[in-house]
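Everything below belongs to coords.txt, which stores compact mmCIF, C-alpha atoms.
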```txt
# COMPACT_ATOMS: atom_id res chain seq x y z
CA MET A 1 -26.32 -78.90 31.63
CA PRO A 2 -28.94 -80.38 33.94
CA GLY A 3 -28.27 -79.94 37.62
CA LEU A 4 -25.60 -77.28 37.15
CA PRO A 5 -26.13 -73.49 37.25
CA HIS A 6 -24.38 -73.19 33.89
CA THR A 7 -24.74 -69.45 33.27
CA ASN A 8 -23.49 -68.50 36.71
CA LEU A 9 -20.53 -70.81 36.36
CA ASP A 10 -19.63 -69.30 32.98
CA GLU A 11 -19.55 -65.93 34.71
CA LEU A 12 -17.48 -67.37 37.53
CA VAL A 13 -14.76 -68.72 35.24
CA ARG A 14 -15.12 -65.81 32.79
CA HIS A 15 -15.39 -68.16 29.85
CA THR A 16 -18.39 -69.26 27.81
CA PHE A 17 -17.99 -72.91 26.89
CA ALA A 18 -18.40 -73.86 23.26
CA ALA A 19 -18.57 -77.48 24.45
CA PRO A 20 -20.53 -77.35 27.75
CA GLU A 21 -20.32 -81.13 28.01
CA LEU A 22 -16.66 -80.68 28.99
CA LEU A 23 -17.70 -78.55 31.94
CA GLN A 24 -20.37 -81.04 32.92
CA ALA A 25 -17.87 -83.92 32.80
CA ALA A 26 -15.36 -81.98 34.92
CA LEU A 27 -17.93 -81.34 37.64
CA THR A 28 -19.71 -84.70 37.67
CA HIS A 29 -18.25 -86.52 40.65
CA PRO A 30 -17.66 -90.31 40.33
CA SER A 31 -20.08 -90.85 43.22
CA THR A 32 -22.93 -90.32 40.76
CA GLY A 33 -22.04 -93.67 39.17
CA GLY A 34 -21.16 -94.60 35.63
CA LYS A 35 -17.85 -95.90 34.35
CA GLU A 36 -17.71 -93.49 31.45
CA SER A 37 -18.33 -90.41 33.59
CA ARG A 38 -15.57 -91.50 35.99
CA HIS A 39 -13.24 -92.03 33.04
CA GLN A 40 -13.85 -88.52 31.69
CA TYR A 41 -13.65 -86.97 35.16
CA GLU A 42 -10.27 -88.54 35.90
CA ARG A 43 -8.84 -87.63 32.47
CA LEU A 44 -9.84 -83.99 32.87
CA GLU A 45 -8.39 -84.00 36.38
CA PHE A 46 -5.11 -85.37 34.97
CA LEU A 47 -4.99 -82.68 32.30
CA GLY A 48 -5.91 -79.90 34.70
CA ASP A 49 -3.07 -80.88 37.01
CA ARG A 50 -0.58 -80.27 34.21
CA VAL A 51 -2.22 -77.03 33.11
CA LEU A 52 -2.07 -75.77 36.69
CA ALA A 53 1.61 -76.66 37.05
CA LEU A 54 2.52 -74.86 33.83
CA SER A 55 0.48 -71.77 34.68
CA ILE A 56 1.91 -71.56 38.19
CA ALA A 57 5.46 -72.11 36.94
CA GLU A 58 5.03 -69.24 34.49
CA LEU A 59 3.59 -67.02 37.21
CA LEU A 60 6.48 -67.79 39.56
CA TYR A 61 9.08 -67.30 36.84
CA LYS A 62 7.82 -63.77 36.22
CA ARG A 63 7.11 -62.87 39.85
CA PHE A 64 10.46 -63.92 41.35
CA PRO A 65 13.24 -63.14 38.82
CA GLU A 66 15.95 -63.38 41.49
CA GLU A 67 15.03 -66.84 42.83
CA ASP A 68 16.80 -70.00 41.69
CA GLU A 69 15.23 -73.26 40.57
CA GLY A 70 15.19 -74.67 44.09
CA ALA A 71 13.22 -71.78 45.58
CA LEU A 72 10.81 -71.69 42.65
CA SER A 73 10.25 -75.44 42.96
CA LYS A 74 9.39 -75.08 46.64
CA ARG A 75 6.81 -72.45 45.84
CA LEU A 76 5.40 -74.53 43.00
CA VAL A 77 4.90 -77.60 45.18
CA GLY A 78 2.99 -75.57 47.75
CA LEU A 79 0.72 -73.94 45.19
CA VAL A 80 -0.28 -77.07 43.28
CA ARG A 81 -1.02 -79.23 46.32
CA ARG A 82 -4.52 -80.46 47.10
CA GLU A 83 -4.91 -77.97 49.93
CA ALA A 84 -4.33 -75.00 47.61
CA LEU A 85 -6.75 -76.35 45.01
CA ALA A 86 -9.40 -76.95 47.63
CA GLU A 87 -8.92 -73.47 49.07
CA VAL A 88 -9.45 -71.88 45.66
CA ALA A 89 -12.50 -74.06 45.02
CA GLU A 90 -13.92 -73.09 48.42
CA ASN A 91 -13.24 -69.40 47.85
CA ILE A 92 -15.09 -69.30 44.54
CA GLY A 93 -18.03 -71.43 45.69
CA LEU A 94 -17.31 -74.29 43.32
CA ALA A 95 -18.94 -76.86 45.62
CA ARG A 96 -22.46 -75.78 44.72
CA HIS A 97 -21.73 -76.49 41.05
CA ILE A 98 -20.48 -80.06 41.60
CA ASN A 99 -22.88 -82.83 40.65
CA ALA A 100 -22.29 -85.42 43.39
CA ALA A 101 -24.23 -88.05 45.27
CA THR A 102 -25.79 -86.97 48.55
CA SER A 103 -23.43 -89.24 50.46
CA ALA A 104 -20.38 -87.56 48.89
CA ARG A 105 -21.73 -84.11 49.66
CA ALA A 106 -22.17 -85.15 53.28
CA ASP A 107 -18.47 -85.96 53.58
CA SER A 108 -16.28 -83.57 55.50
CA GLY A 109 -12.61 -83.04 56.20
CA ARG A 110 -10.13 -84.64 53.82
CA ALA A 111 -12.80 -86.32 51.69
CA ARG A 112 -14.47 -82.98 50.97
CA GLU A 113 -11.09 -81.39 50.37
CA SER A 114 -10.26 -84.05 47.79
CA MET A 115 -13.59 -83.59 46.01
CA LEU A 116 -13.06 -79.84 45.76
CA ALA A 117 -9.45 -80.18 44.62
CA ASP A 118 -10.30 -82.79 41.97
CA ALA A 119 -13.17 -80.70 40.63
CA CYS A 120 -10.93 -77.64 40.43
CA GLU A 121 -8.35 -79.59 38.44
CA GLY A 122 -11.07 -80.96 36.18
CA LEU A 123 -12.37 -77.44 35.60
CA LEU A 124 -8.89 -76.33 34.51
CA GLY A 125 -8.68 -79.28 32.13
CA ALA A 126 -12.07 -78.40 30.66
CA LEU A 127 -11.09 -74.73 30.26
CA TYR A 128 -7.91 -75.74 28.42
CA LEU A 129 -9.66 -78.12 26.03
CA ASP A 130 -12.46 -75.67 25.28
CA GLY A 131 -10.55 -72.43 24.96
CA GLY A 132 -6.85 -73.21 24.97
CA LEU A 133 -4.28 -72.14 27.52
CA GLU A 134 -5.34 -68.51 27.84
CA PRO A 135 -8.64 -68.90 29.77
CA ALA A 136 -7.09 -71.57 31.98
CA ARG A 137 -4.03 -69.41 32.63
CA ALA A 138 -6.20 -66.39 33.39
CA PHE A 139 -8.25 -68.43 35.87
CA VAL A 140 -5.09 -69.64 37.63
CA HIS A 141 -3.49 -66.23 37.80
CA ARG A 142 -6.70 -64.66 39.08
CA HIS A 143 -7.30 -67.14 41.89
CA TRP A 144 -3.77 -68.25 42.85
CA GLU A 145 -2.16 -64.83 43.08
CA PRO A 146 -3.78 -64.17 46.51
CA LEU A 147 -2.23 -67.42 47.76
CA LEU A 148 1.10 -66.33 46.35
CA ASP A 149 0.82 -62.90 47.94
CA ALA A 150 0.24 -64.54 51.33
CA ALA A 151 3.47 -66.56 51.14
CA THR A 152 6.45 -64.29 51.75
CA LYS A 153 8.91 -67.19 51.77
CA PRO A 154 9.07 -70.43 49.79
CA PRO A 155 7.30 -73.25 51.68
CA HIS A 156 8.91 -76.56 52.60
CA ASP A 157 10.13 -78.48 49.59
CA ALA A 158 8.54 -81.80 48.62
CA LYS A 159 11.25 -83.91 50.25
CA THR A 160 10.78 -82.14 53.57
CA SER A 161 6.99 -82.39 53.32
CA LEU A 162 7.18 -86.11 52.56
CA GLN A 163 9.57 -86.66 55.47
CA GLU A 164 7.22 -84.82 57.84
CA TRP A 165 4.19 -86.77 56.56
CA LEU A 166 5.91 -90.11 57.17
CA GLN A 167 7.36 -89.19 60.54
CA GLY A 168 3.98 -87.88 61.65
CA ARG A 169 2.66 -91.42 61.18
CA GLY A 170 5.54 -93.12 62.96
CA LEU A 171 7.29 -94.22 59.77
CA SER A 172 10.99 -93.98 59.03
CA LEU A 173 12.57 -91.61 56.52
CA PRO A 174 12.07 -92.34 52.81
CA THR A 175 14.90 -93.73 50.71
CA TYR A 176 15.95 -92.43 47.30
CA GLN A 177 17.64 -94.41 44.54
CA ILE A 178 18.79 -93.38 41.08
CA VAL A 179 17.09 -95.76 38.65
CA SER A 180 18.75 -94.47 35.50
CA ARG A 181 20.68 -91.63 33.94
CA GLU A 182 20.16 -91.03 30.26
CA GLY A 183 20.76 -88.38 27.64
CA PRO A 184 23.87 -86.45 26.62
CA ALA A 185 26.25 -84.99 29.16
CA HIS A 186 24.98 -81.45 28.58
CA ALA A 187 21.32 -82.45 29.04
CA PRO A 188 21.06 -85.53 31.25
CA VAL A 189 17.77 -86.99 32.48
CA PHE A 190 17.81 -88.62 35.90
CA THR A 191 15.14 -91.07 37.00
CA VAL A 192 14.83 -91.46 40.77
CA GLU A 193 12.67 -93.80 42.83
CA VAL A 194 11.60 -92.89 46.35
CA SER A 195 10.33 -95.61 48.68
CA ALA A 196 8.49 -95.41 51.99
CA GLU A 197 8.48 -97.91 54.83
CA ASN A 198 4.78 -98.65 54.22
CA GLY A 199 5.62 -100.22 50.85
CA HIS A 200 4.59 -97.34 48.61
CA SER A 201 6.98 -95.81 46.09
CA ALA A 202 7.08 -93.40 43.16
CA THR A 203 9.47 -92.52 40.37
CA ALA A 204 10.07 -89.26 38.53
CA ASP A 205 12.51 -87.65 36.13
CA GLY A 206 14.57 -84.50 36.44
CA SER A 207 17.40 -82.61 34.81
CA ASN A 208 19.55 -83.38 37.86
CA LYS A 209 19.44 -85.73 40.83
CA ARG A 210 17.96 -83.14 43.18
CA ALA A 211 15.17 -82.16 40.80
CA ALA A 212 14.29 -85.81 40.20
CA GLU A 213 14.19 -86.49 43.94
CA GLN A 214 11.92 -83.51 44.51
CA ALA A 215 9.56 -84.59 41.74
CA ALA A 216 9.46 -88.18 43.02
CA ALA A 217 8.81 -87.00 46.58
CA ALA A 218 5.96 -84.76 45.41
CA ARG A 219 4.43 -87.64 43.44
CA LEU A 220 4.66 -90.08 46.34
CA LEU A 221 3.28 -87.53 48.81
CA ALA A 222 0.29 -86.86 46.57
CA ALA A 223 -0.40 -90.60 46.31
CA LEU A 224 -0.06 -91.14 50.05
CA GLU A 225 -2.40 -88.25 50.82
CA THR A 226 -5.01 -89.75 48.50
CA ILE A 227 -4.71 -93.17 50.16
CA ASP A 228 -4.92 -91.53 53.57
CA ASP A 229 -8.32 -89.96 52.81
```

Would you mind giving the structure from this file in structure tokens?
Amino acid sequence: MPGLPHTNLDELVRHTFAAPELLQAALTHPSTGGKESRHQYERLEFLGDRVLALSIAELLYKRFPEEDEGALSKRLVGLVRREALAEVAENIGLARHINAATSARADSGRARESMLADACEGLLGALYLDGGLEPARAFVHRHWEPLLDAATKPPHDAKTSLQEWLQGRGLSLPTYQIVSREGPAHAPVFTVEVSAENGHSATADGSNKRAAEQAAAARLLAALETIDD
């Protein structure tokens, strides 16, 4: 793995990669150029996002047996956001392992935060593909538990966070609309669309209207934060 301190990183993640090219792809920032490397980077980032959500959901389910779905969802949203990913990446020194153009490394603020968060998600995707769920889950539990310990109460839910983001930029409140309701009466699936005054929108599914709204709000907020970089 040219350009990456491979052995040290193996020790950091506590996993020896059978396919080190996965690790290299996860930590090769798109700024280095190359359509194929960007394609692999974004796919691993996509996968890592889902692995993180599952691992955090499992952690929360076990840690807070008395909390209902709403409270658990609030905690989940806070722990899978870009800021949490970037904090973990910063804490473990992941930045020095990222292969990025000099211009990208010179970025600060939200751009640097995004680079760290994306690389952390990509790393989780690579861990999952190389070793299955266990090494990825162990990594998440090891590095997210301190964040969880620091939060005594569930954070704002996604709808509240989206509302605050929009209002902070002088925009009106988002609107929610049920797009469809499918499935049997005992297991319905709601699809909700949330729209912002700036023309952006997102849709998501949920087992009830509230869950679908929360998921749509989280998806739109993540997209808006990326655009706002």

Report the closest atom pair, with its distance in Å rounded to one decimal, for each residue of region 78-131 of chain A that has an atom no farther than 12 Å from region 48-61 of chain A; count all atoms listed in the file, sort by chain and then rising residue number, and write it as JSON lines.
```
{"residue": "A:Gly78", "atom": "CA", "partner": "A:Ile56", "partner_atom": "CA", "distance": 10.4}
{"residue": "A:Leu79", "atom": "CA", "partner": "A:Ile56", "partner_atom": "CA", "distance": 7.5}
{"residue": "A:Val80", "atom": "CA", "partner": "A:Ala53", "partner_atom": "CA", "distance": 6.5}
{"residue": "A:Arg81", "atom": "CA", "partner": "A:Asp49", "partner_atom": "CA", "distance": 9.7}
{"residue": "A:Arg82", "atom": "CA", "partner": "A:Asp49", "partner_atom": "CA", "distance": 10.2}
{"residue": "A:Ala84", "atom": "CA", "partner": "A:Leu52", "partner_atom": "CA", "distance": 11.2}
{"residue": "A:Leu85", "atom": "CA", "partner": "A:Leu52", "partner_atom": "CA", "distance": 9.6}
{"residue": "A:Ala117", "atom": "CA", "partner": "A:Asp49", "partner_atom": "CA", "distance": 10.0}
{"residue": "A:Asp118", "atom": "CA", "partner": "A:Gly48", "partner_atom": "CA", "distance": 9.0}
{"residue": "A:Ala119", "atom": "CA", "partner": "A:Gly48", "partner_atom": "CA", "distance": 9.4}
{"residue": "A:Cys120", "atom": "CA", "partner": "A:Gly48", "partner_atom": "CA", "distance": 7.9}
{"residue": "A:Glu121", "atom": "CA", "partner": "A:Gly48", "partner_atom": "CA", "distance": 4.5}
{"residue": "A:Gly122", "atom": "CA", "partner": "A:Gly48", "partner_atom": "CA", "distance": 5.5}
{"residue": "A:Leu123", "atom": "CA", "partner": "A:Gly48", "partner_atom": "CA", "distance": 7.0}
{"residue": "A:Leu124", "atom": "CA", "partner": "A:Gly48", "partner_atom": "CA", "distance": 4.7}
{"residue": "A:Gly125", "atom": "CA", "partner": "A:Gly48", "partner_atom": "CA", "distance": 3.8}
{"residue": "A:Ala126", "atom": "CA", "partner": "A:Gly48", "partner_atom": "CA", "distance": 7.5}
{"residue": "A:Leu127", "atom": "CA", "partner": "A:Gly48", "partner_atom": "CA", "distance": 8.6}
{"residue": "A:Tyr128", "atom": "CA", "partner": "A:Val51", "partner_atom": "CA", "distance": 7.5}
{"residue": "A:Leu129", "atom": "CA", "partner": "A:Gly48", "partner_atom": "CA", "distance": 9.6}
```

Nearest to Thr203 (chain A): which of A:His97, A:Arg219, A:Lys35, A:Arg169 is it, counting all atoms listed in the file? A:Arg219

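Nearest to Ser73 (chain A) of all the residues A:Ile98, A:Ala185, A:Ala215, A:Ile92 is A:Ala215, counting only C-alpha atoms.
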
Shell of 12 Å around Gly170 (chain A), all atoms listed in the file, local chain residues under 4 positions omitted, as a VMD selection string: chain A and resid 163 to 166 196 to 198

For the residues in that selection, give me C-alpha atoms as a compact mmCIF listing (two decimals), in the coordinates of the input.
```txt
# COMPACT_ATOMS: atom_id res chain seq x y z
CA GLN A 163 9.57 -86.66 55.47
CA GLU A 164 7.22 -84.82 57.84
CA TRP A 165 4.19 -86.77 56.56
CA LEU A 166 5.91 -90.11 57.17
CA ALA A 196 8.49 -95.41 51.99
CA GLU A 197 8.48 -97.91 54.83
CA ASN A 198 4.78 -98.65 54.22
```

Kindly indicate which residue among A:Phe139, A:Asn208, A:Leu76, A:Leu220 lies nearest to Arg14 (chain A), using only C-alpha atoms for the distances. A:Phe139

Between CA of Leu221 (chain A) and CA of Gln40 (chain A), what is the spacing in Å? 24.2 Å

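Nearest to Glu113 (chain A) of all the residues A:Lys74, A:Ala100, A:Ala204, A:Val88 is A:Val88, based on all atoms listed in the file.
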
Box time for region 203-215 of chain A: axis-aligned, enclosing all its listed atoms, 3 Å extra on each side; report centre and edge lengths in Å to one decimal, as AutoDock Vina command-line options.
```
--center_x 14.5 --center_y -87.3 --center_z 39.7 --size_x 16.1 --size_y 16.4 --size_z 15.7
```

Under the rule that only C-alpha atoms are counted, which of A:His200, A:Val192, A:Phe46, A:Ala95 is the nearest residue to Ile227 (chain A)? A:His200

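Shortest separation to Thr175 (chain A) among A:Ala211, A:Ala217, A:Leu47, A:Ala101 occurs at residue A:Ala217, atoms counted being all atoms listed in the file.
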
Can you tell me how far CA of Gly168 (chain A) sits from CA of Gly70 (chain A), in Å to one decimal? 24.7 Å

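The space separating CA of Gln177 (chain A) from CA of Ala158 (chain A) comes to 16.1 Å.
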
Considering only C-alpha atoms, return as a ChimeraX atom specification whatever protein or nucleic-acid residues lie within 6 Å of Thr191 (chain A), sequence-local ones (same chain, fewer than 6 positions apart) excluded. /A:178-180,204-205
